[in-house]
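Structure file coords-v5.cif (mmCIF, N, CA and C atoms) follows.
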data_start
loop_
_atom_site.label_atom_id
_atom_site.label_comp_id
_atom_site.auth_asym_id
_atom_site.auth_seq_id
_atom_site.Cartn_x
_atom_site.Cartn_y
_atom_site.Cartn_z
N MET A 1 41.35 -62.75 -84.18
CA MET A 1 41.61 -64.09 -84.64
C MET A 1 43.12 -64.31 -84.68
N LEU A 2 43.55 -65.47 -84.28
CA LEU A 2 44.97 -65.79 -84.29
C LEU A 2 45.42 -66.21 -85.69
N ASN A 3 46.69 -66.02 -85.94
CA ASN A 3 47.28 -66.40 -87.23
C ASN A 3 48.41 -67.39 -87.01
N VAL A 4 48.80 -68.07 -88.06
CA VAL A 4 49.92 -69.02 -88.00
C VAL A 4 51.15 -68.27 -87.48
N GLY A 5 51.82 -68.89 -86.51
CA GLY A 5 53.02 -68.31 -85.91
C GLY A 5 52.77 -67.58 -84.61
N ASP A 6 51.50 -67.22 -84.33
CA ASP A 6 51.16 -66.55 -83.07
C ASP A 6 51.31 -67.53 -81.90
N THR A 7 51.64 -67.01 -80.74
CA THR A 7 51.63 -67.82 -79.53
C THR A 7 50.18 -68.05 -79.12
N ALA A 8 49.84 -69.30 -78.91
CA ALA A 8 48.47 -69.64 -78.51
C ALA A 8 48.26 -69.24 -77.05
N PRO A 9 47.22 -68.46 -76.76
CA PRO A 9 46.96 -68.08 -75.37
C PRO A 9 46.68 -69.31 -74.51
N ASP A 10 47.32 -69.35 -73.34
CA ASP A 10 47.07 -70.47 -72.43
C ASP A 10 45.69 -70.27 -71.80
N PHE A 11 45.12 -71.34 -71.32
CA PHE A 11 43.82 -71.30 -70.66
C PHE A 11 43.73 -72.47 -69.72
N THR A 12 42.80 -72.38 -68.80
CA THR A 12 42.43 -73.50 -67.93
C THR A 12 40.92 -73.49 -67.82
N HIS A 13 40.31 -74.61 -68.18
CA HIS A 13 38.86 -74.78 -68.09
C HIS A 13 38.57 -76.19 -67.60
N SER A 14 37.39 -76.38 -67.08
CA SER A 14 36.96 -77.71 -66.65
C SER A 14 36.49 -78.51 -67.86
N ASP A 15 36.87 -79.80 -67.87
CA ASP A 15 36.38 -80.67 -68.93
C ASP A 15 35.02 -81.24 -68.53
N GLN A 16 34.50 -82.14 -69.34
CA GLN A 16 33.15 -82.67 -69.11
C GLN A 16 33.04 -83.45 -67.80
N ASP A 17 34.18 -83.81 -67.20
CA ASP A 17 34.15 -84.51 -65.92
C ASP A 17 34.48 -83.59 -64.74
N GLY A 18 34.63 -82.28 -65.04
CA GLY A 18 34.95 -81.32 -63.99
C GLY A 18 36.43 -81.20 -63.69
N ASN A 19 37.28 -81.86 -64.45
CA ASN A 19 38.72 -81.80 -64.23
C ASN A 19 39.32 -80.59 -64.93
N PRO A 20 40.24 -79.87 -64.26
CA PRO A 20 40.86 -78.72 -64.91
C PRO A 20 41.81 -79.17 -66.02
N VAL A 21 41.74 -78.46 -67.15
CA VAL A 21 42.60 -78.75 -68.30
C VAL A 21 43.19 -77.43 -68.77
N SER A 22 44.52 -77.40 -68.93
CA SER A 22 45.22 -76.21 -69.43
C SER A 22 45.91 -76.55 -70.73
N LEU A 23 45.99 -75.59 -71.63
CA LEU A 23 46.73 -75.82 -72.87
C LEU A 23 48.18 -76.18 -72.57
N SER A 24 48.75 -75.55 -71.57
CA SER A 24 50.16 -75.81 -71.23
C SER A 24 50.41 -77.25 -70.78
N ASP A 25 49.35 -77.98 -70.42
CA ASP A 25 49.48 -79.40 -70.05
C ASP A 25 50.00 -80.23 -71.22
N PHE A 26 49.85 -79.71 -72.43
CA PHE A 26 50.13 -80.51 -73.63
C PHE A 26 51.37 -80.06 -74.38
N ARG A 27 52.23 -79.27 -73.73
CA ARG A 27 53.49 -78.87 -74.39
C ARG A 27 54.24 -80.14 -74.78
N GLY A 28 54.80 -80.12 -75.97
CA GLY A 28 55.52 -81.29 -76.46
C GLY A 28 54.68 -82.14 -77.39
N SER A 29 53.39 -81.83 -77.50
CA SER A 29 52.56 -82.52 -78.47
C SER A 29 51.67 -81.48 -79.15
N LYS A 30 51.14 -81.85 -80.29
CA LYS A 30 50.24 -80.95 -81.01
C LYS A 30 48.85 -81.05 -80.38
N VAL A 31 48.10 -79.96 -80.52
CA VAL A 31 46.74 -79.90 -79.98
C VAL A 31 45.82 -79.34 -81.06
N LEU A 32 44.71 -80.03 -81.30
CA LEU A 32 43.64 -79.49 -82.13
C LEU A 32 42.61 -78.90 -81.18
N ILE A 33 42.37 -77.58 -81.31
CA ILE A 33 41.31 -76.93 -80.54
C ILE A 33 40.21 -76.59 -81.52
N TRP A 34 39.04 -77.20 -81.32
CA TRP A 34 37.90 -76.87 -82.19
C TRP A 34 36.83 -76.19 -81.37
N PHE A 35 36.47 -74.98 -81.81
CA PHE A 35 35.43 -74.20 -81.15
C PHE A 35 34.11 -74.50 -81.84
N TYR A 36 33.08 -74.68 -81.05
CA TYR A 36 31.76 -74.98 -81.62
C TYR A 36 30.69 -74.22 -80.86
N PRO A 37 29.62 -73.84 -81.58
CA PRO A 37 28.60 -72.97 -80.99
C PRO A 37 27.81 -73.55 -79.82
N LYS A 38 27.31 -74.78 -79.96
CA LYS A 38 26.44 -75.30 -78.91
C LYS A 38 26.39 -76.82 -78.95
N ALA A 39 26.63 -77.42 -77.80
CA ALA A 39 26.62 -78.87 -77.67
C ALA A 39 25.27 -79.45 -78.10
N SER A 40 25.34 -80.59 -78.75
CA SER A 40 24.17 -81.40 -79.12
C SER A 40 23.29 -80.79 -80.21
N THR A 41 23.79 -79.78 -80.92
CA THR A 41 23.06 -79.25 -82.07
C THR A 41 23.54 -80.01 -83.31
N PRO A 42 22.76 -80.01 -84.38
CA PRO A 42 23.11 -80.85 -85.53
C PRO A 42 24.50 -80.61 -86.12
N GLY A 43 24.88 -79.36 -86.36
CA GLY A 43 26.19 -79.08 -86.95
C GLY A 43 27.33 -79.45 -86.03
N CYS A 44 27.18 -79.14 -84.75
CA CYS A 44 28.23 -79.45 -83.77
C CYS A 44 28.36 -80.96 -83.58
N THR A 45 27.23 -81.65 -83.63
CA THR A 45 27.26 -83.11 -83.51
C THR A 45 27.96 -83.72 -84.72
N ALA A 46 27.64 -83.24 -85.92
CA ALA A 46 28.29 -83.77 -87.13
C ALA A 46 29.79 -83.54 -87.07
N GLU A 47 30.20 -82.34 -86.66
CA GLU A 47 31.62 -82.02 -86.59
C GLU A 47 32.32 -82.88 -85.53
N GLY A 48 31.73 -82.95 -84.34
CA GLY A 48 32.32 -83.73 -83.27
C GLY A 48 32.42 -85.21 -83.60
N CYS A 49 31.40 -85.73 -84.27
CA CYS A 49 31.41 -87.16 -84.63
C CYS A 49 32.44 -87.44 -85.72
N ASN A 50 32.65 -86.51 -86.65
CA ASN A 50 33.66 -86.73 -87.67
C ASN A 50 35.05 -86.74 -87.04
N ILE A 51 35.27 -85.86 -86.08
CA ILE A 51 36.55 -85.87 -85.35
C ILE A 51 36.67 -87.17 -84.56
N ARG A 52 35.59 -87.57 -83.91
CA ARG A 52 35.58 -88.83 -83.16
C ARG A 52 35.93 -90.02 -84.06
N ASP A 53 35.33 -90.06 -85.24
CA ASP A 53 35.54 -91.18 -86.14
C ASP A 53 36.97 -91.27 -86.66
N HIS A 54 37.72 -90.18 -86.55
CA HIS A 54 39.12 -90.15 -87.00
C HIS A 54 40.08 -90.00 -85.82
N HIS A 55 39.57 -90.20 -84.60
CA HIS A 55 40.38 -89.97 -83.41
C HIS A 55 41.66 -90.82 -83.38
N ALA A 56 41.57 -92.06 -83.83
CA ALA A 56 42.77 -92.93 -83.82
C ALA A 56 43.89 -92.32 -84.66
N ALA A 57 43.54 -91.70 -85.77
CA ALA A 57 44.54 -91.05 -86.62
C ALA A 57 45.14 -89.84 -85.91
N PHE A 58 44.34 -89.11 -85.12
CA PHE A 58 44.88 -87.99 -84.35
C PHE A 58 45.86 -88.51 -83.30
N VAL A 59 45.51 -89.59 -82.63
CA VAL A 59 46.40 -90.19 -81.63
C VAL A 59 47.71 -90.63 -82.30
N ASP A 60 47.60 -91.29 -83.46
CA ASP A 60 48.80 -91.73 -84.19
C ASP A 60 49.69 -90.56 -84.58
N ALA A 61 49.09 -89.40 -84.84
CA ALA A 61 49.84 -88.20 -85.23
C ALA A 61 50.29 -87.39 -84.00
N ASN A 62 50.08 -87.91 -82.80
CA ASN A 62 50.45 -87.24 -81.55
C ASN A 62 49.72 -85.90 -81.41
N VAL A 63 48.43 -85.90 -81.74
CA VAL A 63 47.60 -84.70 -81.64
C VAL A 63 46.51 -84.94 -80.59
N THR A 64 46.49 -84.08 -79.59
CA THR A 64 45.44 -84.10 -78.58
C THR A 64 44.28 -83.25 -79.08
N VAL A 65 43.07 -83.75 -78.94
CA VAL A 65 41.87 -83.03 -79.39
C VAL A 65 41.15 -82.44 -78.18
N LEU A 66 40.84 -81.12 -78.28
CA LEU A 66 40.06 -80.43 -77.26
C LEU A 66 38.95 -79.65 -77.95
N GLY A 67 37.71 -79.89 -77.55
CA GLY A 67 36.59 -79.10 -78.03
C GLY A 67 36.25 -78.05 -76.99
N ILE A 68 35.92 -76.83 -77.45
CA ILE A 68 35.59 -75.75 -76.51
C ILE A 68 34.31 -75.04 -76.97
N SER A 69 33.41 -74.85 -76.02
CA SER A 69 32.22 -74.02 -76.24
C SER A 69 31.87 -73.34 -74.92
N LYS A 70 30.84 -72.52 -74.95
CA LYS A 70 30.40 -71.84 -73.73
C LYS A 70 29.38 -72.66 -72.95
N ASP A 71 29.19 -73.90 -73.34
CA ASP A 71 28.25 -74.77 -72.63
C ASP A 71 28.78 -75.11 -71.24
N SER A 72 27.87 -75.41 -70.34
CA SER A 72 28.23 -75.81 -68.98
C SER A 72 28.93 -77.17 -68.98
N VAL A 73 29.57 -77.47 -67.89
CA VAL A 73 30.22 -78.78 -67.72
C VAL A 73 29.18 -79.89 -67.90
N ARG A 74 28.00 -79.69 -67.34
CA ARG A 74 26.94 -80.71 -67.44
C ARG A 74 26.54 -80.95 -68.90
N ARG A 75 26.35 -79.87 -69.67
CA ARG A 75 25.98 -80.03 -71.09
C ARG A 75 27.12 -80.71 -71.86
N GLN A 76 28.36 -80.36 -71.51
CA GLN A 76 29.50 -81.00 -72.17
C GLN A 76 29.51 -82.49 -71.86
N LYS A 77 29.23 -82.84 -70.62
CA LYS A 77 29.19 -84.25 -70.21
C LYS A 77 28.11 -85.00 -70.98
N ASN A 78 26.94 -84.43 -71.07
CA ASN A 78 25.85 -85.08 -71.80
C ASN A 78 26.22 -85.29 -73.27
N PHE A 79 26.78 -84.27 -73.88
CA PHE A 79 27.18 -84.31 -75.28
C PHE A 79 28.25 -85.39 -75.49
N ALA A 80 29.29 -85.35 -74.67
CA ALA A 80 30.40 -86.31 -74.80
C ALA A 80 29.94 -87.74 -74.57
N THR A 81 29.07 -87.94 -73.60
CA THR A 81 28.58 -89.29 -73.28
C THR A 81 27.68 -89.82 -74.40
N LYS A 82 26.74 -89.00 -74.82
CA LYS A 82 25.79 -89.43 -75.85
C LYS A 82 26.50 -89.77 -77.16
N GLN A 83 27.51 -88.98 -77.53
CA GLN A 83 28.21 -89.19 -78.80
C GLN A 83 29.46 -90.07 -78.67
N GLU A 84 29.73 -90.51 -77.45
CA GLU A 84 30.89 -91.37 -77.18
C GLU A 84 32.20 -90.74 -77.67
N PHE A 85 32.38 -89.46 -77.34
CA PHE A 85 33.61 -88.78 -77.73
C PHE A 85 34.76 -89.28 -76.87
N PRO A 86 35.89 -89.65 -77.51
CA PRO A 86 37.05 -90.14 -76.77
C PRO A 86 38.01 -89.02 -76.38
N TYR A 87 37.59 -87.78 -76.56
CA TYR A 87 38.43 -86.62 -76.27
C TYR A 87 37.67 -85.68 -75.34
N ARG A 88 38.37 -84.69 -74.82
CA ARG A 88 37.78 -83.78 -73.84
C ARG A 88 37.04 -82.62 -74.48
N LEU A 89 35.93 -82.25 -73.84
CA LEU A 89 35.19 -81.05 -74.17
C LEU A 89 35.33 -80.10 -72.99
N LEU A 90 35.71 -78.86 -73.26
CA LEU A 90 35.95 -77.89 -72.20
C LEU A 90 34.84 -76.85 -72.14
N SER A 91 34.51 -76.46 -70.92
CA SER A 91 33.46 -75.49 -70.66
C SER A 91 34.08 -74.11 -70.43
N ASP A 92 33.82 -73.18 -71.34
CA ASP A 92 34.29 -71.80 -71.24
C ASP A 92 33.07 -70.90 -71.11
N GLU A 93 32.34 -71.05 -70.02
CA GLU A 93 31.07 -70.32 -69.86
C GLU A 93 31.24 -68.81 -69.90
N GLU A 94 32.38 -68.30 -69.43
CA GLU A 94 32.62 -66.86 -69.45
C GLU A 94 33.04 -66.38 -70.83
N GLY A 95 33.50 -67.28 -71.68
CA GLY A 95 33.89 -66.92 -73.04
C GLY A 95 35.27 -66.30 -73.16
N THR A 96 36.10 -66.40 -72.14
CA THR A 96 37.42 -65.76 -72.19
C THR A 96 38.32 -66.37 -73.25
N THR A 97 38.33 -67.67 -73.35
CA THR A 97 39.16 -68.33 -74.35
C THR A 97 38.55 -68.20 -75.73
N VAL A 98 37.24 -68.31 -75.80
CA VAL A 98 36.54 -68.11 -77.08
C VAL A 98 36.94 -66.76 -77.67
N GLU A 99 36.94 -65.73 -76.84
CA GLU A 99 37.30 -64.39 -77.33
C GLU A 99 38.80 -64.28 -77.61
N ALA A 100 39.64 -64.84 -76.75
CA ALA A 100 41.09 -64.75 -76.95
C ALA A 100 41.53 -65.39 -78.26
N TYR A 101 40.79 -66.39 -78.71
CA TYR A 101 41.12 -67.09 -79.95
C TYR A 101 40.35 -66.54 -81.16
N GLY A 102 39.62 -65.47 -80.96
CA GLY A 102 38.89 -64.86 -82.07
C GLY A 102 37.74 -65.71 -82.57
N ALA A 103 37.18 -66.52 -81.68
CA ALA A 103 36.09 -67.41 -82.08
C ALA A 103 34.73 -66.84 -81.68
N TRP A 104 34.66 -65.54 -81.45
CA TRP A 104 33.40 -64.87 -81.12
C TRP A 104 33.21 -63.74 -82.11
N GLY A 105 32.01 -63.66 -82.69
CA GLY A 105 31.78 -62.58 -83.63
C GLY A 105 30.41 -62.65 -84.25
N PRO A 106 30.18 -61.80 -85.25
CA PRO A 106 28.86 -61.73 -85.89
C PRO A 106 28.57 -62.98 -86.73
N LYS A 107 27.32 -63.42 -86.62
CA LYS A 107 26.86 -64.61 -87.36
C LYS A 107 25.49 -64.32 -87.95
N LYS A 108 25.12 -65.13 -88.92
CA LYS A 108 23.77 -65.06 -89.48
C LYS A 108 23.17 -66.46 -89.42
N PHE A 109 21.91 -66.52 -89.03
CA PHE A 109 21.20 -67.79 -89.01
C PHE A 109 19.73 -67.50 -89.25
N MET A 110 19.20 -68.11 -90.28
CA MET A 110 17.79 -67.96 -90.64
C MET A 110 17.40 -66.48 -90.77
N GLY A 111 18.29 -65.71 -91.41
CA GLY A 111 18.02 -64.30 -91.66
C GLY A 111 18.24 -63.38 -90.47
N ARG A 112 18.63 -63.93 -89.36
CA ARG A 112 18.87 -63.15 -88.14
C ARG A 112 20.36 -62.95 -87.93
N GLU A 113 20.78 -61.77 -87.53
CA GLU A 113 22.18 -61.51 -87.23
C GLU A 113 22.35 -61.39 -85.73
N PHE A 114 23.42 -61.97 -85.22
CA PHE A 114 23.70 -61.95 -83.79
C PHE A 114 25.17 -62.30 -83.57
N ASP A 115 25.69 -62.06 -82.38
CA ASP A 115 27.04 -62.46 -82.03
C ASP A 115 27.00 -63.84 -81.40
N GLY A 116 27.97 -64.66 -81.74
CA GLY A 116 28.04 -66.01 -81.20
C GLY A 116 29.38 -66.64 -81.48
N ILE A 117 29.51 -67.89 -81.10
CA ILE A 117 30.76 -68.62 -81.32
C ILE A 117 30.88 -68.97 -82.79
N LEU A 118 32.01 -68.62 -83.34
CA LEU A 118 32.32 -68.95 -84.73
C LEU A 118 32.91 -70.34 -84.79
N ARG A 119 32.57 -71.07 -85.81
CA ARG A 119 33.10 -72.41 -85.99
C ARG A 119 34.50 -72.27 -86.58
N ILE A 120 35.52 -72.39 -85.72
CA ILE A 120 36.91 -72.21 -86.12
C ILE A 120 37.76 -73.21 -85.34
N SER A 121 38.86 -73.64 -85.94
CA SER A 121 39.76 -74.58 -85.26
C SER A 121 41.21 -74.16 -85.46
N TYR A 122 42.01 -74.56 -84.50
CA TYR A 122 43.44 -74.28 -84.55
C TYR A 122 44.22 -75.55 -84.25
N VAL A 123 45.34 -75.73 -84.95
CA VAL A 123 46.32 -76.74 -84.55
C VAL A 123 47.45 -75.97 -83.89
N ILE A 124 47.74 -76.33 -82.66
CA ILE A 124 48.81 -75.71 -81.90
C ILE A 124 49.99 -76.67 -81.91
N ASP A 125 51.19 -76.17 -82.19
CA ASP A 125 52.35 -77.06 -82.29
C ASP A 125 52.93 -77.38 -80.91
N GLU A 126 53.98 -78.16 -80.90
CA GLU A 126 54.60 -78.64 -79.66
C GLU A 126 55.14 -77.52 -78.78
N ALA A 127 55.46 -76.38 -79.38
CA ALA A 127 56.00 -75.24 -78.64
C ALA A 127 54.94 -74.22 -78.24
N GLY A 128 53.67 -74.52 -78.54
CA GLY A 128 52.60 -73.61 -78.15
C GLY A 128 52.31 -72.51 -79.16
N LYS A 129 52.75 -72.69 -80.39
CA LYS A 129 52.49 -71.71 -81.46
C LYS A 129 51.38 -72.24 -82.37
N VAL A 130 50.64 -71.31 -82.97
CA VAL A 130 49.59 -71.68 -83.92
C VAL A 130 50.26 -72.21 -85.18
N ALA A 131 49.98 -73.45 -85.53
CA ALA A 131 50.56 -74.07 -86.73
C ALA A 131 49.59 -74.03 -87.90
N GLN A 132 48.29 -74.11 -87.61
CA GLN A 132 47.27 -74.07 -88.66
C GLN A 132 46.00 -73.43 -88.12
N VAL A 133 45.28 -72.76 -89.04
CA VAL A 133 44.01 -72.15 -88.70
C VAL A 133 42.98 -72.63 -89.71
N PHE A 134 41.85 -73.10 -89.23
CA PHE A 134 40.74 -73.53 -90.08
C PHE A 134 39.59 -72.57 -89.85
N ARG A 135 39.43 -71.62 -90.76
CA ARG A 135 38.39 -70.59 -90.62
C ARG A 135 37.08 -71.01 -91.27
N LYS A 136 37.15 -71.84 -92.28
CA LYS A 136 35.95 -72.31 -92.97
C LYS A 136 35.83 -73.81 -92.72
N VAL A 137 35.08 -74.15 -91.72
CA VAL A 137 34.95 -75.53 -91.28
C VAL A 137 33.76 -76.19 -91.96
N LYS A 138 34.01 -77.37 -92.52
CA LYS A 138 32.92 -78.20 -93.05
C LYS A 138 32.63 -79.24 -91.97
N THR A 139 31.46 -79.14 -91.38
CA THR A 139 31.16 -79.97 -90.21
C THR A 139 31.27 -81.47 -90.48
N LYS A 140 30.86 -81.90 -91.65
CA LYS A 140 30.83 -83.35 -91.94
C LYS A 140 32.19 -83.94 -92.27
N THR A 141 33.21 -83.09 -92.54
CA THR A 141 34.52 -83.61 -92.92
C THR A 141 35.66 -82.97 -92.14
N HIS A 142 35.36 -82.28 -91.06
CA HIS A 142 36.39 -81.49 -90.39
C HIS A 142 37.57 -82.33 -89.88
N GLY A 143 37.29 -83.48 -89.29
CA GLY A 143 38.38 -84.33 -88.82
C GLY A 143 39.31 -84.72 -89.96
N GLU A 144 38.73 -85.13 -91.07
CA GLU A 144 39.52 -85.51 -92.23
C GLU A 144 40.30 -84.31 -92.78
N ASP A 145 39.67 -83.14 -92.81
CA ASP A 145 40.32 -81.94 -93.33
C ASP A 145 41.54 -81.55 -92.49
N VAL A 146 41.41 -81.64 -91.18
CA VAL A 146 42.53 -81.32 -90.30
C VAL A 146 43.66 -82.33 -90.51
N LEU A 147 43.32 -83.60 -90.54
CA LEU A 147 44.35 -84.63 -90.71
C LEU A 147 45.08 -84.47 -92.04
N ALA A 148 44.38 -84.07 -93.09
CA ALA A 148 45.00 -83.89 -94.40
C ALA A 148 46.03 -82.76 -94.37
N GLY A 149 45.84 -81.81 -93.46
CA GLY A 149 46.76 -80.69 -93.37
C GLY A 149 47.91 -80.87 -92.42
N LEU A 150 47.94 -81.98 -91.69
CA LEU A 150 49.02 -82.18 -90.70
C LEU A 150 50.35 -82.47 -91.36
#

Could I get this file's structure written as structure tokens?
Amino acid sequence: MLNVGDTAPDFTHSDQDGNPVSLSDFRGSKVLIWFYPKASTPGCTAEGCNIRDHHAAFVDANVTVLGISKDSVRRQKNFATKQEFPYRLLSDEEGTTVEAYGAWGPKKFMGREFDGILRISYVIDEAGKVAQVFRKVKTKTHGEDVLAGL
């Protein structure tokens, strides 16, 4: 898991429209990277919609929003279209960025233990350093929580 002050690992992944997106594309502005387990599931939808509902405030704060999961480009497209997300969702099917950011690990769900994507977010500053880490994400208020910390 990354900590405040660490250099954020660069990455390039396809967004929901198949366009390549790299973290380095956003040098000079802040970036919120939110990792989520699976597109179109209840918790991920609640989190994504809360970020969507506060997107104008992110734009005003010069913060680019990027969602990342291991879902395919097609699933990302369906999720983004259905929920009318005004920001990009990136497909990391191999999990390289998920792992580089420490967003992969042991989870529990309905009494079952397994490895999966951890719900974690990072704010990356203008120079590409980790400015904030959100390890305990509340899906229904995550957008507001991030904005309160900016």

Could you pull out all residues of region 64-97 of chain A with a DSSP call of helix (DSSP H, G or I) and give them as a PDB file with N, CA and C atoms, in the frame of the given file?
ATOM      1  N   VAL A  73      29.570 -77.470 -67.890  1.00  0.00           N
ATOM      2  CA  VAL A  73      30.220 -78.780 -67.720  1.00  0.00           C
ATOM      3  C   VAL A  73      29.180 -79.890 -67.900  1.00  0.00           C
ATOM      4  N   ARG A  74      28.000 -79.690 -67.340  1.00  0.00           N
ATOM      5  CA  ARG A  74      26.940 -80.710 -67.440  1.00  0.00           C
ATOM      6  C   ARG A  74      26.540 -80.950 -68.900  1.00  0.00           C
ATOM      7  N   ARG A  75      26.350 -79.870 -69.670  1.00  0.00           N
ATOM      8  CA  ARG A  75      25.980 -80.030 -71.090  1.00  0.00           C
ATOM      9  C   ARG A  75      27.120 -80.710 -71.860  1.00  0.00           C
ATOM     10  N   GLN A  76      28.360 -80.360 -71.510  1.00  0.00           N
ATOM     11  CA  GLN A  76      29.500 -81.000 -72.170  1.00  0.00           C
ATOM     12  C   GLN A  76      29.510 -82.490 -71.860  1.00  0.00           C
ATOM     13  N   LYS A  77      29.230 -82.840 -70.620  1.00  0.00           N
ATOM     14  CA  LYS A  77      29.190 -84.250 -70.210  1.00  0.00           C
ATOM     15  C   LYS A  77      28.110 -85.000 -70.980  1.00  0.00           C
ATOM     16  N   ASN A  78      26.940 -84.430 -71.070  1.00  0.00           N
ATOM     17  CA  ASN A  78      25.850 -85.080 -71.800  1.00  0.00           C
ATOM     18  C   ASN A  78      26.220 -85.290 -73.270  1.00  0.00           C
ATOM     19  N   PHE A  79      26.780 -84.270 -73.880  1.00  0.00           N
ATOM     20  CA  PHE A  79      27.180 -84.310 -75.280  1.00  0.00           C
ATOM     21  C   PHE A  79      28.250 -85.390 -75.490  1.00  0.00           C
ATOM     22  N   ALA A  80      29.290 -85.350 -74.670  1.00  0.00           N
ATOM     23  CA  ALA A  80      30.400 -86.310 -74.800  1.00  0.00           C
ATOM     24  C   ALA A  80      29.940 -87.740 -74.570  1.00  0.00           C
ATOM     25  N   THR A  81      29.070 -87.940 -73.600  1.00  0.00           N
ATOM     26  CA  THR A  81      28.580 -89.290 -73.280  1.00  0.00           C
ATOM     27  C   THR A  81      27.680 -89.820 -74.400  1.00  0.00           C
ATOM     28  N   LYS A  82      26.740 -89.000 -74.820  1.00  0.00           N
ATOM     29  CA  LYS A  82      25.790 -89.430 -75.850  1.00  0.00           C
ATOM     30  C   LYS A  82      26.500 -89.770 -77.160  1.00  0.00           C
ATOM     31  N   GLN A  83      27.510 -88.980 -77.530  1.00  0.00           N
ATOM     32  CA  GLN A  83      28.210 -89.190 -78.800  1.00  0.00           C
ATOM     33  C   GLN A  83      29.460 -90.070 -78.670  1.00  0.00           C
ATOM     34  N   THR A  96      36.100 -66.400 -72.140  1.00  0.00           N
ATOM     35  CA  THR A  96      37.420 -65.760 -72.190  1.00  0.00           C
ATOM     36  C   THR A  96      38.320 -66.370 -73.250  1.00  0.00           C
ATOM     37  N   THR A  97      38.330 -67.670 -73.350  1.00  0.00           N
ATOM     38  CA  THR A  97      39.160 -68.330 -74.350  1.00  0.00           C
ATOM     39  C   THR A  97      38.550 -68.200 -75.730  1.00  0.00           C
TER      40      THR A  97
END

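Evaluating the PyMOL selection byres (((chain A and resi 77 and name CA) around 10) and name CA) against the shown model yields Asp15, Gln16, Asp17, Gly18, Ala39, Asp71, Ser72, Val73, Arg74, Arg75, Gln76, Asn78, Phe79, Ala80, Thr81, Lys82, Gln83, Phe85, Arg88, Leu89, Leu90 and Ser91 of chain A.
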
Would you give me, as a ChimeraX atom specification, the residues in region 7-68 of chain A that DSSP reads as strand (DSSP E)? /A:12-15,20-22,30-35,63-68

Give me the result of the PyMOL selection byres ((chain A and resi 104) around 5) on this file, residue by residue, as JSON, numbers by chain. {"A": [98, 102, 103, 105, 106, 116, 117, 118]}

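Between Leu32 (chain A) and the candidates A:Glu99, A:Asp53, A:Asp125, A:Asp6, the tightest atom-to-atom separation, counting all atoms listed in the file, involves A:Asp125.
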
Once the PyMOL selection byres ((chain A and resi 119) around 6) has been evaluated on this model, what residues remain selected, and can you format them as a PyMOL selection string? chain A and resi 35-37+117-118+120-121+135+137

If you keep N, CA and C atoms, can you produce a file of those selected residues as a short mmCIF file (atom, residue, chain, number, x, y, z; two decimals), in the frame of the given file?
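Listing of part_27.cif after writing:
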data_model
loop_
_atom_site.label_atom_id
_atom_site.label_comp_id
_atom_site.auth_asym_id
_atom_site.auth_seq_id
_atom_site.Cartn_x
_atom_site.Cartn_y
_atom_site.Cartn_z
N PHE A 35 36.47 -74.98 -81.81
CA PHE A 35 35.43 -74.20 -81.15
C PHE A 35 34.11 -74.50 -81.84
N TYR A 36 33.08 -74.68 -81.05
CA TYR A 36 31.76 -74.98 -81.62
C TYR A 36 30.69 -74.22 -80.86
N PRO A 37 29.62 -73.84 -81.58
CA PRO A 37 28.60 -72.97 -80.99
C PRO A 37 27.81 -73.55 -79.82
N ILE A 117 29.51 -67.89 -81.10
CA ILE A 117 30.76 -68.62 -81.32
C ILE A 117 30.88 -68.97 -82.79
N LEU A 118 32.01 -68.62 -83.34
CA LEU A 118 32.32 -68.95 -84.73
C LEU A 118 32.91 -70.34 -84.79
N ILE A 120 35.52 -72.39 -85.72
CA ILE A 120 36.91 -72.21 -86.12
C ILE A 120 37.76 -73.21 -85.34
N SER A 121 38.86 -73.64 -85.94
CA SER A 121 39.76 -74.58 -85.26
C SER A 121 41.21 -74.16 -85.46
N ARG A 135 39.43 -71.62 -90.76
CA ARG A 135 38.39 -70.59 -90.62
C ARG A 135 37.08 -71.01 -91.27
N VAL A 137 35.08 -74.15 -91.72
CA VAL A 137 34.95 -75.53 -91.28
C VAL A 137 33.76 -76.19 -91.96
#

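Put simply, atom C of Ile51 (chain A) is 27.4 Å away from atom C of Phe114 (chain A).
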
List as CSV every residue of region 28-95 of chain A that is in contact with region 143-150 of chain A, defined as an atom at most 8 Å from one of its atoms (using all atoms listed in the file), together with the nearest atom pair and the distance in Å rounded to one decimal, sorted by chain and then rising number.
residue,atom,partner,partner_atom,distance
A:Ala46,C,A:Gly143,N,7.8
A:Glu47,C,A:Gly143,N,6.3
A:Gly48,N,A:Gly143,N,7.5
A:Cys49,C,A:Gly143,N,7.2
A:Asn50,C,A:Gly143,CA,4.5
A:Ile51,CA,A:Gly143,CA,4.2
A:Arg52,N,A:Gly143,CA,6.5
A:Asp53,C,A:Gly143,CA,7.4
A:His54,CA,A:Gly143,CA,6.1
A:His55,N,A:Gly143,CA,7.3
A:Ala57,C,A:Leu147,CA,7.1
A:Phe58,N,A:Leu147,CA,7.2

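The spacing separating atom C of Ala131 (chain A) from atom N of Ile33 (chain A) amounts to 10.4 Å.
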